[in-house]
Every structure is written in C-alpha cells, then in structure tokens.
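The structure appears below as structure tokens.
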Amino acid sequence: MHQAIQNGNVAVVTGGASGIGLEAARRLGGQGMRVCIADLAGEKLDQAATELRDAGIEVLAVPTDVADPDQLRALEKRVTGELGPVSVLMNNAGMQPGSSIFDAEQNWQRIIDVNMWGIIRGSQIFAPGMIASGRPGLIVNTGSKQGITTPPGDPAYNVSKTGVKTFTEALQHELRNTEGCKVEARLFIPGFVFTPLTARGRTEKPADAWTPQQVVDFLLESLGRDDFYILCPDNDVDRATDEKRIAWAAGDITENRPPLSRWHPDYGASFKEWLDS
C-alpha cells in the first residue's frame, strides 16, 4: 500500500459516484481514510454518499463538473477547509459517448474538457497544497489503453487520454525533481471494466470484462509495488498481449509504417503473425 493511504488521511475521488471511482472511494475509506467523492450533482452522487456512510466511511459528497476550473477550485477549498490537507487525489472522472473525426456529434469539446482538462486542472489545483503539506501524497490519473494504441473509432476519447498519459508523465517528472516534495503521480490504465461508462445498455457483465472491484484490487497492488504505469489486464487481454500491442504502435514510427498500421489492410496480417509469434 502506498504510504499516503493511511488511517485519518484525506482522499478525493472525482467521478466518485459510480464504477471505478465509487469502488476506489470504498476501498480507500476501508483503510480509514476520510473520503470526498466529487461528481455531477444528482441522485447518483447522493446514493453513493449514502452507500459509503452506511459502510462506516466518513464521506463528503461535493457536486462538481470537472470541466469547470472554478468548480475544481471550489472543491479543493471545501475539502481542505472541512477535512484537511489532501493526501490522495484520484482524477478519475471521464466520459465516452463516442465520437467521429469531423465531430458530427459536436461533442469533442466536452470530451476533452472532462477527460483531459479535468485531470490536468485537477492536478494543477490540488498538487501545490499537497506539496506544501510536507506529507506523503499521491495523485492517480485515470488514463486508457486507447490513449496509447489509439485504435480507430473514437478519436476524441483517444486524444483526451493520450493527453492524460503525456501530462501525468510530465507531472511525475516535475514532482520527483521538486526539492522536499513527497507527492508522487501514477498513471492508471484500466482494461475492459464493466461500469456505467462501458455498459452501453447492457445489464450483465460481459465475460471479457473485469469488475470495478478487480481493477481497484490491481490498482492497490500496483501502488504497493511502486509502479508508475498501472497497466491492467482483463479477462480477454493479458499483460503480454498489451505489451505487444503497445510495442507495435510505437513501431509505426520507428519502422516508418503507416499510422494505425495494425488496422491497415497491408499490415493487418503481419501484425497478427507477429502477435501470435
């Protein structure tokens, strides 16, 4: 377990009303942390807070749209004022409504505002106070494999999560080179997890998917190993397959192949042969 996860410390989880965020809040609260869950105002947030309180967790629920920097500043002010210095920040809020390259749906702005700017601004707003506290701290930013291998079909989501990867790498570099800083950053990369974000009308978990409980188990185990890239498998894709897919994507540049060659008619067979080798 990371040293920031301690009884009595404060954790903030955005997107905390459901899915991975709610499970993370439950598990952090189970370690004795005082937890703030931030999500859009509404019944989901209220129900999540009640569920956590019924489990004996001290919880503060704050309606927050992470796309609005002013709301993030208000969140930070309220949490530190009511609960104290923040030790763990999990920037987890995200959306995936689908997108197209020429933005026929007109949702690129919202996707990037939530998925990328919400994480960047959340880190920028909370980190200074976490550093100034002088205490061990942890910032976990939820990325995606789609931000690394960038498969065709949902370009706005891919762009947003590519930005999260790049930002979090730069954030960790900055933190480790800041004198006296005890705050660290981690990039959380879930696989296929059955949550409201991925359900798409399904009511039963697909066999290939992990549950939020499984992926948070993996997150906490990885934090205990001091991993930066927390690359989660699922019931369909193992670590070795992920590594090969990531290596092939990088090879498009080093081998001067066409972009997204894994899905290119002239390279698809070569990719499959290489993957199976």
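FYI, nothing fancy with the structure tokens labels: chains A, B, ... in order, residues from 1 per chain, ligands from 1 as they appear.
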Any idea what's packed within 9 Å of Val66 of chain A, counting only C-alpha atoms, ignoring anything in its chain fewer than 2 positions away? Could you give it as a count of residues only? 20
Excluding Glu23 of chain A and residues on its chain fewer than 4 positions from it, collect all residues at most 12 Å away from it, counting only C-alpha atoms, and give them as a PyMOL selection string. chain A and resi 13-19+27-30+35+37+48-49+51-52+90+92+195+211-217+219-220
Env of Asp226 of chain A: 9 Å cut, atoms = only C-alpha atoms, seq-sep filter 6 positions within chain, self excluded. Answer as a short mmCIF file (atom, residue, chain, number, x, y, z; two decimals) with N, CA, C and O atoms, in the first residue's frame.
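Contents of the output file out.cif:
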```
data_model
loop_
_atom_site.label_atom_id
_atom_site.label_comp_id
_atom_site.auth_asym_id
_atom_site.auth_seq_id
_atom_site.Cartn_x
_atom_site.Cartn_y
_atom_site.Cartn_z
N MET A 1 0.85 -1.20 0.00
CA MET A 1 0.00 0.00 0.00
C MET A 1 0.88 1.25 0.00
O MET A 1 1.91 1.28 0.68
N HIS A 2 0.51 2.25 -0.75
CA HIS A 2 1.28 3.49 -0.78
C HIS A 2 1.20 4.19 0.57
O HIS A 2 0.17 4.14 1.26
N ARG A 186 0.83 8.78 -10.50
CA ARG A 186 0.75 7.46 -11.14
C ARG A 186 -0.26 7.52 -12.28
O ARG A 186 -1.28 8.21 -12.19
#
```
Just checking: using only C-alpha atoms, which residue out of A:Gln6, A:Asn91, A:Asn158, A:Gln146 ends up closest to Pro190 of chain A? A:Gln146
As JSON, numbers by chain, please: the residues near Val159 of chain A (cut-off 9 Å, only C-alpha atoms, same-chain neighbours under 2 positions excluded). {"A": [112, 116, 146, 147, 150, 154, 155, 156, 157, 161, 162, 163, 164]}
Alpha helix (DSSP H) positions in segment 147-216 of chain A, given as a PDB file with N, CA, C and O atoms, in the first residue's frame:
```pdb
ATOM      1  N   PRO A 155     -11.982   8.915 -31.906  1.00  0.00           N
ATOM      2  CA  PRO A 155     -10.788   9.761 -31.888  1.00  0.00           C
ATOM      3  C   PRO A 155     -10.743  10.791 -30.767  1.00  0.00           C
ATOM      4  O   PRO A 155      -9.668  11.060 -30.224  1.00  0.00           O
ATOM      5  N   ALA A 156     -11.876  11.366 -30.388  1.00  0.00           N
ATOM      6  CA  ALA A 156     -11.857  12.380 -29.327  1.00  0.00           C
ATOM      7  C   ALA A 156     -11.435  11.760 -28.000  1.00  0.00           C
ATOM      8  O   ALA A 156     -10.634  12.337 -27.253  1.00  0.00           O
ATOM      9  N   TYR A 157     -11.961  10.588 -27.704  1.00  0.00           N
ATOM     10  CA  TYR A 157     -11.573   9.894 -26.472  1.00  0.00           C
ATOM     11  C   TYR A 157     -10.078   9.574 -26.503  1.00  0.00           C
ATOM     12  O   TYR A 157      -9.369   9.780 -25.510  1.00  0.00           O
ATOM     13  N   ASN A 158      -9.591   9.074 -27.639  1.00  0.00           N
ATOM     14  CA  ASN A 158      -8.173   8.744 -27.753  1.00  0.00           C
ATOM     15  C   ASN A 158      -7.291   9.968 -27.526  1.00  0.00           C
ATOM     16  O   ASN A 158      -6.276   9.896 -26.825  1.00  0.00           O
ATOM     17  N   VAL A 159      -7.664  11.072 -28.132  1.00  0.00           N
ATOM     18  CA  VAL A 159      -6.892  12.308 -27.977  1.00  0.00           C
ATOM     19  C   VAL A 159      -6.860  12.724 -26.511  1.00  0.00           C
ATOM     20  O   VAL A 159      -5.813  13.090 -25.962  1.00  0.00           O
ATOM     21  N   SER A 160      -8.015  12.659 -25.853  1.00  0.00           N
ATOM     22  CA  SER A 160      -8.074  13.085 -24.443  1.00  0.00           C
ATOM     23  C   SER A 160      -7.191  12.204 -23.566  1.00  0.00           C
ATOM     24  O   SER A 160      -6.471  12.705 -22.695  1.00  0.00           O
ATOM     25  N   LYS A 161      -7.210  10.911 -23.787  1.00  0.00           N
ATOM     26  CA  LYS A 161      -6.442  10.007 -22.942  1.00  0.00           C
ATOM     27  C   LYS A 161      -4.954   9.983 -23.312  1.00  0.00           C
ATOM     28  O   LYS A 161      -4.113   9.704 -22.443  1.00  0.00           O
ATOM     29  N   THR A 162      -4.626  10.294 -24.550  1.00  0.00           N
ATOM     30  CA  THR A 162      -3.222  10.489 -24.900  1.00  0.00           C
ATOM     31  C   THR A 162      -2.666  11.686 -24.139  1.00  0.00           C
ATOM     32  O   THR A 162      -1.532  11.665 -23.630  1.00  0.00           O
ATOM     33  N   GLY A 163      -3.472  12.741 -24.032  1.00  0.00           N
ATOM     34  CA  GLY A 163      -3.068  13.910 -23.268  1.00  0.00           C
ATOM     35  C   GLY A 163      -2.863  13.599 -21.798  1.00  0.00           C
ATOM     36  O   GLY A 163      -1.926  14.103 -21.163  1.00  0.00           O
ATOM     37  N   VAL A 164      -3.720  12.741 -21.240  1.00  0.00           N
ATOM     38  CA  VAL A 164      -3.582  12.351 -19.831  1.00  0.00           C
ATOM     39  C   VAL A 164      -2.258  11.615 -19.612  1.00  0.00           C
ATOM     40  O   VAL A 164      -1.545  11.868 -18.638  1.00  0.00           O
ATOM     41  N   LYS A 165      -1.925  10.702 -20.510  1.00  0.00           N
ATOM     42  CA  LYS A 165      -0.650   9.974 -20.400  1.00  0.00           C
ATOM     43  C   LYS A 165       0.526  10.942 -20.410  1.00  0.00           C
ATOM     44  O   LYS A 165       1.399  10.900 -19.530  1.00  0.00           O
ATOM     45  N   THR A 166       0.562  11.825 -21.391  1.00  0.00           N
ATOM     46  CA  THR A 166       1.685  12.749 -21.535  1.00  0.00           C
ATOM     47  C   THR A 166       1.783  13.686 -20.339  1.00  0.00           C
ATOM     48  O   THR A 166       2.878  13.941 -19.806  1.00  0.00           O
ATOM     49  N   PHE A 167       0.636  14.200 -19.894  1.00  0.00           N
ATOM     50  CA  PHE A 167       0.633  15.108 -18.747  1.00  0.00           C
ATOM     51  C   PHE A 167       1.114  14.400 -17.484  1.00  0.00           C
ATOM     52  O   PHE A 167       1.909  14.959 -16.708  1.00  0.00           O
ATOM     53  N   THR A 168       0.634  13.194 -17.243  1.00  0.00           N
ATOM     54  CA  THR A 168       0.967  12.506 -15.996  1.00  0.00           C
ATOM     55  C   THR A 168       2.445  12.136 -15.955  1.00  0.00           C
ATOM     56  O   THR A 168       3.076  12.187 -14.890  1.00  0.00           O
ATOM     57  N   GLU A 169       3.017  11.772 -17.086  1.00  0.00           N
ATOM     58  CA  GLU A 169       4.458  11.531 -17.149  1.00  0.00           C
ATOM     59  C   GLU A 169       5.229  12.803 -16.795  1.00  0.00           C
ATOM     60  O   GLU A 169       6.191  12.772 -16.004  1.00  0.00           O
ATOM     61  N   ALA A 170       4.804  13.917 -17.362  1.00  0.00           N
ATOM     62  CA  ALA A 170       5.470  15.197 -17.071  1.00  0.00           C
ATOM     63  C   ALA A 170       5.265  15.605 -15.618  1.00  0.00           C
ATOM     64  O   ALA A 170       6.176  16.162 -14.982  1.00  0.00           O
ATOM     65  N   LEU A 171       4.075  15.328 -15.081  1.00  0.00           N
ATOM     66  CA  LEU A 171       3.785  15.657 -13.682  1.00  0.00           C
ATOM     67  C   LEU A 171       4.710  14.878 -12.749  1.00  0.00           C
ATOM     68  O   LEU A 171       5.295  15.461 -11.818  1.00  0.00           O
ATOM     69  N   GLN A 172       4.847  13.580 -12.983  1.00  0.00           N
ATOM     70  CA  GLN A 172       5.718  12.786 -12.117  1.00  0.00           C
ATOM     71  C   GLN A 172       7.171  13.258 -12.212  1.00  0.00           C
ATOM     72  O   GLN A 172       7.883  13.318 -11.201  1.00  0.00           O
ATOM     73  N   HIS A 173       7.611  13.619 -13.410  1.00  0.00           N
ATOM     74  CA  HIS A 173       8.972  14.141 -13.577  1.00  0.00           C
ATOM     75  C   HIS A 173       9.158  15.415 -12.755  1.00  0.00           C
ATOM     76  O   HIS A 173      10.182  15.594 -12.084  1.00  0.00           O
ATOM     77  N   GLU A 174       8.161  16.291 -12.815  1.00  0.00           N
ATOM     78  CA  GLU A 174       8.242  17.554 -12.061  1.00  0.00           C
ATOM     79  C   GLU A 174       8.259  17.297 -10.557  1.00  0.00           C
ATOM     80  O   GLU A 174       9.054  17.894  -9.818  1.00  0.00           O
ATOM     81  N   LEU A 175       7.392  16.412 -10.097  1.00  0.00           N
ATOM     82  CA  LEU A 175       7.302  16.138  -8.662  1.00  0.00           C
ATOM     83  C   LEU A 175       8.595  15.539  -8.123  1.00  0.00           C
ATOM     84  O   LEU A 175       9.073  15.926  -7.054  1.00  0.00           O
ATOM     85  N   ARG A 176       9.169  14.600  -8.856  1.00  0.00           N
ATOM     86  CA  ARG A 176      10.376  13.936  -8.340  1.00  0.00           C
ATOM     87  C   ARG A 176      11.595  14.847  -8.373  1.00  0.00           C
ATOM     88  O   ARG A 176      12.605  14.554  -7.738  1.00  0.00           O
ATOM     89  N   PRO A 196     -20.817   1.883 -15.582  1.00  0.00           N
ATOM     90  CA  PRO A 196     -21.794   2.658 -16.346  1.00  0.00           C
ATOM     91  C   PRO A 196     -21.203   3.293 -17.611  1.00  0.00           C
ATOM     92  O   PRO A 196     -21.908   3.495 -18.595  1.00  0.00           O
ATOM     93  N   LEU A 197     -19.888   3.581 -17.599  1.00  0.00           N
ATOM     94  CA  LEU A 197     -19.244   4.181 -18.769  1.00  0.00           C
ATOM     95  C   LEU A 197     -19.198   3.215 -19.939  1.00  0.00           C
ATOM     96  O   LEU A 197     -19.312   3.616 -21.101  1.00  0.00           O
ATOM     97  N   THR A 198     -19.031   1.924 -19.645  1.00  0.00           N
ATOM     98  CA  THR A 198     -18.843   0.935 -20.710  1.00  0.00           C
ATOM     99  C   THR A 198     -20.060   0.045 -20.931  1.00  0.00           C
ATOM    100  O   THR A 198     -20.053  -0.784 -21.845  1.00  0.00           O
ATOM    101  N   ALA A 199     -21.088   0.182 -20.096  1.00  0.00           N
ATOM    102  CA  ALA A 199     -22.229  -0.741 -20.158  1.00  0.00           C
ATOM    103  C   ALA A 199     -22.965  -0.675 -21.496  1.00  0.00           C
ATOM    104  O   ALA A 199     -23.367  -1.700 -22.047  1.00  0.00           O
ATOM    105  N   PRO A 212     -15.289  -3.515 -11.282  1.00  0.00           N
ATOM    106  CA  PRO A 212     -14.560  -2.435 -10.606  1.00  0.00           C
ATOM    107  C   PRO A 212     -13.747  -2.934  -9.416  1.00  0.00           C
ATOM    108  O   PRO A 212     -12.654  -2.432  -9.155  1.00  0.00           O
ATOM    109  N   GLN A 213     -14.264  -3.946  -8.710  1.00  0.00           N
ATOM    110  CA  GLN A 213     -13.537  -4.482  -7.563  1.00  0.00           C
ATOM    111  C   GLN A 213     -12.199  -5.081  -8.002  1.00  0.00           C
ATOM    112  O   GLN A 213     -11.163  -4.866  -7.350  1.00  0.00           O
ATOM    113  N   GLN A 214     -12.198  -5.814  -9.115  1.00  0.00           N
ATOM    114  CA  GLN A 214     -10.964  -6.428  -9.596  1.00  0.00           C
ATOM    115  C   GLN A 214      -9.947  -5.377 -10.021  1.00  0.00           C
ATOM    116  O   GLN A 214      -8.757  -5.499  -9.725  1.00  0.00           O
ATOM    117  N   VAL A 215     -10.417  -4.355 -10.706  1.00  0.00           N
ATOM    118  CA  VAL A 215      -9.466  -3.365 -11.214  1.00  0.00           C
ATOM    119  C   VAL A 215      -8.917  -2.501 -10.081  1.00  0.00           C
ATOM    120  O   VAL A 215      -7.739  -2.110 -10.110  1.00  0.00           O
ATOM    121  N   VAL A 216      -9.710  -2.233  -9.050  1.00  0.00           N
ATOM    122  CA  VAL A 216      -9.197  -1.478  -7.904  1.00  0.00           C
ATOM    123  C   VAL A 216      -8.245  -2.354  -7.086  1.00  0.00           C
ATOM    124  O   VAL A 216      -7.243  -1.856  -6.554  1.00  0.00           O
TER     125      VAL A 216
END
```
Fewer than 4 positions away in the same chain doesn't count, so skip those; otherwise give me all residues within 12 Å of Cys232 of chain A, counting only C-alpha atoms, as number ranges by chain. A: 142-145, 187-193, 209-212, 214-222, 227, 236-243
Would you list, as a ChimeraX atom specification, the residues of segment 37-206 of chain A that end up in strand (DSSP E) under DSSP run on this structure's backbone? /A:37-39,59-63,86-91,137-142,183-189
List as a compact mmCIF listing (two decimals) with N, CA, C and O atoms, in the first residue's frame the protein and nucleic acid residues near segment 124-131 of chain A, meaning an atom at most 7 Å away when only C-alpha atoms are counted, but skip any in the same chain fewer than 5 places from it.
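Result file is result-v5.txt:
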```
# COMPACT_ATOMS: atom_id res chain seq x y z
N ARG A 73 -11.59 24.49 -8.21
CA ARG A 73 -11.01 25.33 -7.14
C ARG A 73 -11.92 25.33 -5.91
O ARG A 73 -11.44 25.26 -4.77
N GLU A 76 -11.46 22.00 -4.08
CA GLU A 76 -10.23 21.96 -3.29
C GLU A 76 -10.38 22.78 -2.01
O GLU A 76 -9.97 22.34 -0.92
N PRO A 85 -5.77 18.70 4.88
CA PRO A 85 -4.90 18.53 3.71
C PRO A 85 -5.18 17.22 2.99
O PRO A 85 -5.44 16.19 3.61
N VAL A 86 -5.10 17.26 1.67
CA VAL A 86 -5.38 16.08 0.85
C VAL A 86 -4.11 15.25 0.70
O VAL A 86 -3.05 15.77 0.36
N SER A 87 -4.23 13.95 0.93
CA SER A 87 -3.10 13.04 0.76
C SER A 87 -3.21 12.24 -0.54
O SER A 87 -2.19 11.88 -1.14
N GLY A 137 2.14 12.14 -0.48
CA GLY A 137 0.93 12.34 -1.26
C GLY A 137 0.95 11.54 -2.54
O GLY A 137 2.01 11.12 -3.02
N CYS A 181 9.71 17.55 -2.01
CA CYS A 181 8.36 17.10 -2.38
C CYS A 181 8.19 15.62 -2.05
O CYS A 181 9.00 14.77 -2.43
N LYS A 182 7.08 15.30 -1.36
CA LYS A 182 6.78 13.91 -1.02
C LYS A 182 5.52 13.41 -1.76
O LYS A 182 4.95 12.38 -1.39
N VAL A 183 5.14 14.15 -2.79
CA VAL A 183 3.95 13.79 -3.58
C VAL A 183 4.41 13.09 -4.86
O VAL A 183 5.39 13.50 -5.49
```
Find the spatial neighbours of Asn7 of chain A, counting only C-alpha atoms, within a cut-off of 7 Å - ignore same-chain residues fewer than 2 positions away - and output them as a PyMOL selection string. chain A and resi 9+31-33
Write a file of the just-selected residues containing all heavy atoms, as a PDB file, in the first residue's frame.
```pdb
ATOM      1  N   ASN A   9      -6.062  10.029   6.943  1.00  0.00           N
ATOM      2  CA  ASN A   9      -5.719  10.915   5.825  1.00  0.00           C
ATOM      3  C   ASN A   9      -6.937  11.178   4.947  1.00  0.00           C
ATOM      4  O   ASN A   9      -7.954  10.477   5.033  1.00  0.00           O
ATOM      5  CB  ASN A   9      -4.594  10.317   4.984  1.00  0.00           C
ATOM      6  CG  ASN A   9      -3.229  10.453   5.638  1.00  0.00           C
ATOM      7  OD1 ASN A   9      -3.126  11.013   6.740  1.00  0.00           O
ATOM      8  ND2 ASN A   9      -2.202   9.958   4.983  1.00  0.00           N
ATOM      9  N   GLN A  31      -9.688   1.753   4.391  1.00  0.00           N
ATOM     10  CA  GLN A  31      -8.371   1.887   5.029  1.00  0.00           C
ATOM     11  C   GLN A  31      -8.373   2.975   6.107  1.00  0.00           C
ATOM     12  O   GLN A  31      -7.319   3.323   6.645  1.00  0.00           O
ATOM     13  CB  GLN A  31      -7.316   2.222   3.972  1.00  0.00           C
ATOM     14  CG  GLN A  31      -7.070   1.120   2.958  1.00  0.00           C
ATOM     15  CD  GLN A  31      -6.484  -0.127   3.581  1.00  0.00           C
ATOM     16  OE1 GLN A  31      -5.600  -0.054   4.426  1.00  0.00           O
ATOM     17  NE2 GLN A  31      -6.980  -1.282   3.157  1.00  0.00           N
ATOM     18  N   GLY A  32      -9.551   3.519   6.379  1.00  0.00           N
ATOM     19  CA  GLY A  32      -9.668   4.534   7.421  1.00  0.00           C
ATOM     20  C   GLY A  32      -9.500   5.955   6.916  1.00  0.00           C
ATOM     21  O   GLY A  32      -9.463   6.893   7.725  1.00  0.00           O
ATOM     22  N   MET A  33      -9.420   6.123   5.581  1.00  0.00           N
ATOM     23  CA  MET A  33      -9.284   7.473   5.047  1.00  0.00           C
ATOM     24  C   MET A  33     -10.629   8.188   5.077  1.00  0.00           C
ATOM     25  O   MET A  33     -11.702   7.563   4.982  1.00  0.00           O
ATOM     26  CB  MET A  33      -8.751   7.430   3.613  1.00  0.00           C
ATOM     27  CG  MET A  33      -7.381   6.815   3.467  1.00  0.00           C
ATOM     28  SD  MET A  33      -6.616   7.148   1.847  1.00  0.00           S
ATOM     29  CE  MET A  33      -6.109   8.871   2.059  1.00  0.00           C
TER      30      MET A  33
END
```
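Proximity of A:Thr80, A:Phe271, A:Lys44, A:Leu89 to Arg257 of chain A, computed with only C-alpha atoms, is greatest for A:Phe271.
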Check the smallest atom-to-atom distance from each of A:Ala55, A:Ala24, A:Ala132, A:Val12 to Leu75 of chain A using only C-alpha atoms, then report the winner. A:Val12
